[in-house]
Amino acid sequence: MKNSNKIETIKFALKKSLPVLFGYLFLGSAFGIMLYNAGYNWVWAIFISLFVYAGSGQFLLVSLLSGGASLATTAVMTLFINSRHIFYGLSYIEKFRQGGWRYPFCIFGLTDETYSVNTSFSSVPKNINEPHARFLISIFDHGYWIAGSVLGSLAGQIIPIDFEGIDFSMTALFVVIFIDLVREHKGRLKFVGFIGIGCSILCLIIFGSERFLLPALIITVLALTAGKPYFSKEKEAK
C-alpha cells in the first residue's frame, strides 16, 4: 500500500469513526465513574476496557464484581448480554478475512457502534484500502472507549457527575445511521431495515422488553436469509 493511500485510508477511517468518539467518551466515562465508585481505580478501567471491551457487559461486570459473583456466573451473564455480537460477526466474516492478520482483532472489536459504522458504507473510494480501513475503525473505536473509561475514573475522584440518560446518545447514533442507510438504498433494499424493525416490534410484544433482543435477531436473520434471492436481484439490477 502506497504512503498516499495509507494517509487517505487513515483519514477515511477517522472520519467514519468520529460519531462513535463522542458517544464513547460520555458512555465510557459513565463506566469509569461507576467503576471508581465500586472501589476500582483508573488502572482497572484501562485493563477492563482493553481486554473485556463489552460495553453493557462492562457495566454488568462492575455490579458482579461488587457483589462477589463467581467467575462462571460472570462468564455466563456476559455471554447472554453480548450474544447479539455473534450475529454481527456472521455478517462480516468474509469482509474481515480479507484483512489477513487484522481479522482476529476486527472480530474482537465488533461492538454495536463499530458494526453500525461498518454498515454505514458498502463501498469505498479506489484509493482506500477497505480491509485496513475497517481495521482502523475498530482500533479508533476501542481507543475512544478506553479514553472515556479512564477520563471517567479520574473525574470520579474529583467531581461528582450525573450521567443519567447519557446512554441515549448511542440510541440516537443508531437512529441516524439507520436513516442514512434507508436513504442510501433504493427499491427493494430499502425494506431490509424495516424487516428488522418489524421483527423487533413483534418480539417486543411477545417476549417483553427484557427478553426480546435475541429472538428478534434470530427471526430477522432467518427472514433476511429467506429473502436473500429477492434482494440479490435488486443488487444485480444496479
# chains A, B, ... in the order shown; residues from 1 in each chain; ligands from 1

$ residues_around --residues "region 216-230 of chain A" --least-positions-apart "4" --cutoff "7 Å" --atoms "only C-alpha atoms" --output "count of residues only"
6

$ residues_around --residues "Gly39 (chain A)" --least-positions-apart "3" --cutoff "12 Å" --atoms "only C-alpha atoms" --output "PyMOL selection string"
chain A and resi 32-36+42-45+62-63+65-66+153+156-157

$ residues_around --residues "Gly99 (chain A)" --least-positions-apart "6" --cutoff "10 Å" --atoms "only C-alpha atoms" --output "list in words"
Cys106, Asn129, Glu130, Pro131, His132, Ala133, Arg134 and Phe135 of chain A

$ closest_residue --among "A:Met77, A:Leu110, A:Leu213, A:Leu18" --to "Tyr92 (chain A)" --atoms "only C-alpha atoms"
A:Leu110

$ closest_residue --among "A:Ala54, A:Ile179, A:Leu90, A:Ala147" --to "Gly28 (chain A)" --atoms "only C-alpha atoms"
A:Ala147

$ select_by_dssp --residues "region 76-131 of chain A" --states "alpha helix (DSSP H)" --output "short mmCIF file (atom, residue, chain, number, x, y, z; two decimals) with N, CA, C and O atoms, in the first residue's frame"
data_model
loop_
_atom_site.label_atom_id
_atom_site.label_comp_id
_atom_site.auth_asym_id
_atom_site.auth_seq_id
_atom_site.Cartn_x
_atom_site.Cartn_y
_atom_site.Cartn_z
N VAL A 76 -21.08 -16.48 32.10
CA VAL A 76 -22.39 -16.82 31.52
C VAL A 76 -23.23 -15.57 31.29
O VAL A 76 -23.84 -15.41 30.22
N MET A 77 -23.27 -14.67 32.27
CA MET A 77 -24.04 -13.45 32.14
C MET A 77 -23.52 -12.57 31.00
O MET A 77 -24.30 -11.99 30.23
N THR A 78 -22.20 -12.47 30.88
CA THR A 78 -21.61 -11.68 29.80
C THR A 78 -21.94 -12.28 28.44
O THR A 78 -22.22 -11.56 27.47
N LEU A 79 -21.94 -13.62 28.36
CA LEU A 79 -22.27 -14.30 27.11
C LEU A 79 -23.71 -14.00 26.70
O LEU A 79 -23.98 -13.69 25.53
N PHE A 80 -24.62 -14.05 27.64
CA PHE A 80 -26.03 -13.78 27.33
C PHE A 80 -26.23 -12.34 26.86
O PHE A 80 -26.93 -12.08 25.89
N ILE A 81 -25.61 -11.41 27.57
CA ILE A 81 -25.80 -10.00 27.25
C ILE A 81 -25.22 -9.64 25.89
O ILE A 81 -25.79 -8.85 25.13
N ARG A 84 -25.70 -11.07 20.95
CA ARG A 84 -26.06 -10.44 19.68
C ARG A 84 -24.85 -10.24 18.77
O ARG A 84 -24.99 -10.18 17.55
N HIS A 85 -23.66 -10.15 19.36
CA HIS A 85 -22.46 -9.94 18.56
C HIS A 85 -22.15 -11.13 17.66
O HIS A 85 -21.43 -10.99 16.67
N ILE A 86 -22.68 -12.29 18.02
CA ILE A 86 -22.50 -13.47 17.16
C ILE A 86 -23.09 -13.21 15.78
O ILE A 86 -22.49 -13.54 14.76
N PHE A 87 -24.25 -12.57 15.77
CA PHE A 87 -24.92 -12.27 14.50
C PHE A 87 -24.17 -11.20 13.72
O PHE A 87 -24.09 -11.26 12.49
N TYR A 88 -23.62 -10.22 14.44
CA TYR A 88 -22.82 -9.20 13.77
C TYR A 88 -21.63 -9.86 13.07
O TYR A 88 -21.32 -9.56 11.91
N GLY A 89 -20.94 -10.74 13.80
CA GLY A 89 -19.75 -11.38 13.26
C GLY A 89 -20.05 -12.22 12.03
O GLY A 89 -19.26 -12.25 11.08
N LEU A 90 -21.18 -12.93 12.04
CA LEU A 90 -21.53 -13.78 10.90
C LEU A 90 -21.67 -12.98 9.62
O LEU A 90 -21.33 -13.45 8.53
N SER A 91 -22.17 -11.76 9.72
CA SER A 91 -22.39 -10.94 8.53
C SER A 91 -21.12 -10.28 8.01
O SER A 91 -21.12 -9.73 6.90
N TYR A 92 -20.04 -10.34 8.79
CA TYR A 92 -18.81 -9.68 8.36
C TYR A 92 -17.59 -10.61 8.28
O TYR A 92 -16.47 -10.14 8.13
N ILE A 93 -17.82 -11.90 8.37
CA ILE A 93 -16.70 -12.85 8.34
C ILE A 93 -15.86 -12.69 7.08
O ILE A 93 -14.63 -12.58 7.13
N GLU A 94 -16.51 -12.68 5.93
CA GLU A 94 -15.78 -12.62 4.65
C GLU A 94 -15.03 -11.31 4.49
O GLU A 94 -13.89 -11.29 4.03
N LYS A 95 -15.66 -10.20 4.85
CA LYS A 95 -15.00 -8.90 4.72
C LYS A 95 -13.79 -8.81 5.63
O LYS A 95 -12.74 -8.29 5.24
N PHE A 96 -13.91 -9.30 6.86
CA PHE A 96 -12.79 -9.23 7.80
C PHE A 96 -11.67 -10.19 7.41
O PHE A 96 -10.50 -9.91 7.66
N ARG A 97 -12.02 -11.31 6.82
CA ARG A 97 -10.99 -12.25 6.39
C ARG A 97 -10.08 -11.65 5.32
O ARG A 97 -8.92 -12.02 5.19
N TYR A 103 -7.77 -9.79 10.89
CA TYR A 103 -9.05 -10.49 11.08
C TYR A 103 -9.42 -10.72 12.55
O TYR A 103 -10.53 -10.37 12.97
N PRO A 104 -8.53 -11.29 13.38
CA PRO A 104 -8.91 -11.57 14.78
C PRO A 104 -9.30 -10.31 15.56
O PRO A 104 -10.28 -10.32 16.31
N PHE A 105 -8.56 -9.22 15.37
CA PHE A 105 -8.88 -8.01 16.12
C PHE A 105 -10.19 -7.39 15.64
O PHE A 105 -10.95 -6.83 16.45
N CYS A 106 -10.46 -7.46 14.35
CA CYS A 106 -11.72 -6.92 13.82
C CYS A 106 -12.92 -7.64 14.43
O CYS A 106 -13.95 -7.02 14.71
N ILE A 107 -12.80 -8.95 14.63
CA ILE A 107 -13.87 -9.71 15.27
C ILE A 107 -13.98 -9.33 16.75
O ILE A 107 -15.08 -9.10 17.27
N PHE A 108 -12.84 -9.22 17.42
CA PHE A 108 -12.84 -8.84 18.83
C PHE A 108 -13.44 -7.46 19.03
O PHE A 108 -14.19 -7.22 19.99
N ASP A 112 -21.49 -2.88 19.03
CA ASP A 112 -22.68 -2.36 18.37
C ASP A 112 -22.35 -1.16 17.49
O ASP A 112 -22.77 -1.06 16.34
N GLU A 113 -21.58 -0.24 18.06
CA GLU A 113 -21.28 1.01 17.37
C GLU A 113 -20.34 0.79 16.19
O GLU A 113 -20.52 1.38 15.12
N THR A 114 -19.33 -0.07 16.36
CA THR A 114 -18.41 -0.36 15.26
C THR A 114 -19.14 -1.07 14.13
O THR A 114 -18.87 -0.81 12.95
N TYR A 115 -20.05 -1.96 14.49
CA TYR A 115 -20.86 -2.62 13.47
C TYR A 115 -21.70 -1.60 12.70
O TYR A 115 -21.80 -1.67 11.46
N SER A 116 -22.28 -0.65 13.41
CA SER A 116 -23.09 0.38 12.76
C SER A 116 -22.27 1.21 11.79
O SER A 116 -22.73 1.54 10.70
N VAL A 117 -21.06 1.56 12.21
CA VAL A 117 -20.18 2.33 11.33
C VAL A 117 -19.81 1.52 10.09
O VAL A 117 -19.81 2.03 8.97
N ASN A 118 -19.51 0.25 10.28
CA ASN A 118 -19.15 -0.61 9.15
C ASN A 118 -20.29 -0.75 8.15
O ASN A 118 -20.07 -0.83 6.94
N THR A 119 -21.51 -0.81 8.65
CA THR A 119 -22.65 -0.95 7.75
C THR A 119 -23.04 0.38 7.12
O THR A 119 -23.87 0.39 6.20
N GLU A 130 -9.86 -0.98 1.83
CA GLU A 130 -11.04 -1.26 2.65
C GLU A 130 -10.75 -2.14 3.87
O GLU A 130 -11.17 -1.80 4.98
N PRO A 131 -10.05 -3.28 3.72
CA PRO A 131 -9.79 -4.11 4.91
C PRO A 131 -9.03 -3.34 5.99
O PRO A 131 -9.32 -3.48 7.19
#

$ closest_residue --among "A:Pro125, A:Ile7, A:Ile205, A:Gly57" --to "Ala75 (chain A)" --atoms "only C-alpha atoms"
A:Gly57

$ atom_distance --atom1 "CA of Lys15 (chain A)" --atom2 "CA of Ser149 (chain A)"
21.8 Å
